[in-house]
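Okay, structure first, notes after.
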Amino acid sequence: MTKAMKRIELNAPLLWLILPLTLVVAPLMPALPVWISLSWPLFALLSLQAAARGKTWPTWLIILLALIGVAGVLLQYGTVIGPQGGVALLVYLTGAKLLETRSARDRIGLLFVGCFLLVAYFLNSQSLAMAGFMSLAAAALVAGLIANQQPIADIRATAGTSIRLLLQALPLALILFVLFPRLQGPLWGLPQQGSAQTGLSDHMSPGDFGQLTQSDEIAFRVDFDGPAPATNALYWRGPVLWDFDGRTWQSRLPPPGPVDGEARGLPVTYSITLEPHRQRWLFLLGLPRQLPALEASLGSDLQWLSKAPINQRLRYTMTADLDYRLDAVGLSNASRDRALSLPPGNPQTRALATQWAANGATDAPDALSIVRQALGYFRQEAFFYTLKPPLLGENSTDDFLFRSRRGFCEHYASAFVVLMRAAGVPARVVTGYQGGELNTLGDYWIVRQRDAHAWAEVWLSGQGWLRVDPTAAVAPNRIERGLDAGLPAGERRAGMMTLQANWLAPLRLGWDLVNNRWNQWVLGYNQERQRQFLARLNPLLASWQGMAWGLALLGGLALLFASLLVLPRIRKPQQDAASRLYARFCRKLAKHGIVRQPNEGPADFARRVIGLRP
């Protein structure tokens, strides 16, 4: 046997510990401090080196390293508990513990810590791909536990046994998942991490940045109960921005009062699965007939705000009218003043708006004429839709309308509302998402962060708030076919880089369909979903008593089935011929009153028999 093989044989128990733990901690490393990410593999290498040489690290050094880890985590996070500090400290101490791992008991303890870290990672990511990888890590942990009981473990046999054990446990796990009463809320109770590159904010400053980064992160998915509206009607309403300081639009306070809306058409019913965005707003399409049971309030401007930030994936169903009138009876003085307020500046914009309004008062016909003139101005002048506009100066609206004339939806919506207010027409900016991508495999819509959009609303007497999208006057393809269709050729993304190529579309949409089902039926399997699903199977199962009986019945059947598979394989130990003869000899002597004691060996028993029966 070569030295390398002997070294592997000596390190085999430690390798069966380090390899599964590596699979567990590797996905955690990007979120941990660099010093922990570097110390853990260093500890693993040092432990392997010490085991190969038959040496051990001194206890005082390991204690010192542990204290350094505790102090470092306290300095980094301010605490050693919680999902960040606690996990970071546990990863560090797991690596330090490798330096003093000598016995099977130590290895078993670390493997169980690995199981805890495996579960803790799902607080950061709950994607289907990561669940698949962590299933592999779970199989490796079980294989490590099996190998820990064997001097030299065969890799293929150990891995096969691990997979069989997990597959045998799968039916019972599925029964528990489906029938065990769910707690209120999502599967994982802590906020999800991550942030979108683009999307919505509680303010909008069109002139403050020169390039809008594109992002394919998903904002939400939508299922329609019936045919979906046309793409140009899909305006997913979010924050409504009333207040302008010359640079930034924002909504400091939502307008008070109930919604004054009048439905004018057939309603549509849709369900939104909203990804966590750590803001309070919820999105809706049209005028809702009845709000779902959420802790949220709907303002008179149809701005729907949750009481708490959306830190977990949320699903809600809405029935709404796409054709409606809002505040058609009239505006309050406070709302009118707010919708006409403008700060000083932008003299060229004010002059143009004043010219449009010079023919008469801004009653409904004249106000509508001003709207049409503004849209005609955007169509006729040399405006361009681009994600790379130049920076704007102090009079940002003047710079945009009369000099740069290059921008995206925020620029056009902002300039249009400033023009309307300068002409005496009440107006406001609405932000949200427009359009989306239809997943033909699952018949649902995917709305991404790159679909974020801004448009305007003007108030006309007798008609109420009317949606006007000035971007459609400059780049109608943006509204009809999406962002890429509205951009110049040089700014469109390459199909191979974004998986937009036609030959890859089925693969991309298929993967999103699988992820959508995973989000809804695994991550989103809450109390409501559980009761709906069980009620379809049997109405009796929808109550907690029915769940308990179903869990007991199916769980018992699963255990009985497993027992029927395992019991035939359990064989009684077979005795050889000599053992059978000796047992018969002992039984015969017992009939004559000479009984062998349980702790009495054959030689001692024989001597006692000779003494009793010479």
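FYI, nothing fancy with the structure tokens labels: chains A, B, ... in order, residues from 1 per chain, ligands from 1 as they appear.
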For the interface of segment 17-41 of chain A with segment 126-146 of chain A (cut-off 6 Å, counting only C-alpha atoms), please tabulate each contacting residue of segment 17-41 of chain A alongside its nearest pair of atoms and their separation in Å to one decimal, rows sorted by chain and increasing number, as CSV.
residue,atom,partner,partner_atom,distance
A:Leu17,CA,A:Gly144,CA,5.9
A:Pro20,CA,A:Ala140,CA,5.0
A:Leu23,CA,A:Ala137,CA,5.5
A:Val24,CA,A:Ala137,CA,5.9
Using N, CA and C atoms, can you export the residues from the last selection as a CSV table (one decimal), in the first residue's frame?
chain,number,residue,atom,x,y,z
A,17,LEU,N,-16.3,13.5,7.4
A,17,LEU,CA,-16.9,14.6,8.1
A,17,LEU,C,-16.7,15.9,7.4
A,20,PRO,N,-19.0,16.5,3.8
A,20,PRO,CA,-20.4,16.9,3.9
A,20,PRO,C,-20.5,18.3,4.5
A,23,LEU,N,-20.0,21.0,1.8
A,23,LEU,CA,-21.2,21.2,1.0
A,23,LEU,C,-22.2,22.1,1.7
A,24,VAL,N,-22.3,21.9,3.1
A,24,VAL,CA,-23.3,22.7,3.8
A,24,VAL,C,-22.9,24.2,3.9
Exercise. Write out as a PyMOL selection string all residues of segment 56-268 of chain A that DSSP puts in strand (DSSP E) for this structure's backbone.
Key: chain A and resi 203-204+218-224+235-241+243-244+249-250+261-263+267-268
Practice problem: Pick out each residue of segment 388-603 of chain A that DSSP on the backbone tags as alpha helix (DSSP H); I need them as a ChimeraX atom specification. | Solution: /A:396-399,409-422,470-474,476-481,483-486,495-498,505-518,527-537,544-566,577-591,602-603
List as a compact mmCIF listing (two decimals) with all heavy atoms, in the first residue's frame the protein and nucleic acid residues near segment 350-356 of chain A, meaning an atom at most 6 Å away when only C-alpha atoms are counted, but skip any in the same chain fewer than 3 places from it.
# COMPACT_ATOMS: atom_id res chain seq x y z
N PRO A 347 -38.73 78.11 -16.41
CA PRO A 347 -39.54 79.16 -17.07
C PRO A 347 -39.98 78.79 -18.47
O PRO A 347 -41.09 79.18 -18.89
CB PRO A 347 -38.58 80.36 -17.08
CG PRO A 347 -37.20 79.76 -16.98
CD PRO A 347 -37.35 78.55 -16.12
N LEU A 419 -45.96 70.11 -17.11
CA LEU A 419 -46.67 70.87 -18.14
C LEU A 419 -48.15 71.04 -17.78
O LEU A 419 -48.72 72.13 -17.92
CB LEU A 419 -46.53 70.18 -19.50
CG LEU A 419 -45.21 70.36 -20.24
CD1 LEU A 419 -45.14 69.40 -21.42
CD2 LEU A 419 -45.08 71.82 -20.74
N ALA A 422 -48.57 73.44 -14.86
CA ALA A 422 -48.30 74.81 -15.29
C ALA A 422 -49.44 75.38 -16.12
O ALA A 422 -49.67 76.60 -16.14
CB ALA A 422 -46.99 74.85 -16.08
N ALA A 423 -50.19 74.51 -16.82
CA ALA A 423 -51.34 74.94 -17.62
C ALA A 423 -52.63 74.98 -16.82
O ALA A 423 -53.68 75.31 -17.36
CB ALA A 423 -51.51 74.01 -18.82
Exercise. Could you jot down the atom CA of Arg105 of chain A to atom CA of Gln149 of chain A separation for me, Å, one decimal place?
Key: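 These atoms are spaced 10.3 Å apart.
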Could you make a table, as CSV, of the residues of segment 512-547 of chain A that have an atom within 10 Å of an atom of segment 298-319 of chain A, each with its nearest atom pair and distance in Å to one decimal, counting only C-alpha atoms, in chain and number order?
residue,atom,partner,partner_atom,distance
A:Asn519,CA,A:Arg313,CA,8.3
A:Gln520,CA,A:Arg315,CA,8.3
A:Leu523,CA,A:Arg313,CA,8.4
A:Gly524,CA,A:Arg313,CA,7.5
Selection file, all heavy atoms, as a compact mmCIF listing (two decimals), in the first residue's frame:
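Result saved to out_34.txt:
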# COMPACT_ATOMS: atom_id res chain seq x y z
N ASN A 519 -42.90 27.92 -5.68
CA ASN A 519 -43.22 29.06 -4.82
C ASN A 519 -44.63 28.96 -4.25
O ASN A 519 -44.87 29.27 -3.08
CB ASN A 519 -43.09 30.37 -5.61
CG ASN A 519 -41.65 30.67 -5.97
OD1 ASN A 519 -40.72 30.19 -5.33
ND2 ASN A 519 -41.46 31.45 -7.02
N GLN A 520 -45.58 28.51 -5.08
CA GLN A 520 -46.97 28.51 -4.65
C GLN A 520 -47.30 27.31 -3.78
O GLN A 520 -48.02 27.44 -2.78
CB GLN A 520 -47.89 28.53 -5.87
CG GLN A 520 -47.82 29.83 -6.66
CD GLN A 520 -48.92 29.92 -7.70
OE1 GLN A 520 -50.01 29.40 -7.51
NE2 GLN A 520 -48.63 30.58 -8.80
N LEU A 523 -43.28 26.79 -0.92
CA LEU A 523 -42.97 27.94 -0.09
C LEU A 523 -44.24 28.67 0.34
O LEU A 523 -44.30 29.23 1.44
CB LEU A 523 -42.05 28.90 -0.84
CG LEU A 523 -40.71 28.32 -1.30
CD1 LEU A 523 -39.89 29.38 -2.00
CD2 LEU A 523 -39.95 27.73 -0.14
N GLY A 524 -45.26 28.69 -0.51
CA GLY A 524 -46.49 29.40 -0.19
C GLY A 524 -47.59 28.51 0.37
O GLY A 524 -48.76 28.91 0.38
Self-check item: Within 12 Å of Arg406 of chain A using only C-alpha atoms, minus same-chain residues under 6 positions, as a list in words
Solution: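 In the requested form, the answer reads Pro206, Gly207, Gly210, Gln211, Phe378, Glu381, Ala382, Phe383, Phe384, Tyr385, Thr386, Leu387, Lys388, Pro389, Pro390, Leu391, Leu392, Thr397, Asp399, Phe400, Tyr412, Ala415, Thr471, Val474, Ala475, Leu487 and Pro488 of chain A.
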Self-check item: Residues near Leu93 of chain A, cut-off 9 Å, only C-alpha atoms, skip fewer than 2 positions along chain, as a VMD selection string
Solution: chain A and resid 40 65 to 66 69 to 70 88 to 91 95 to 98
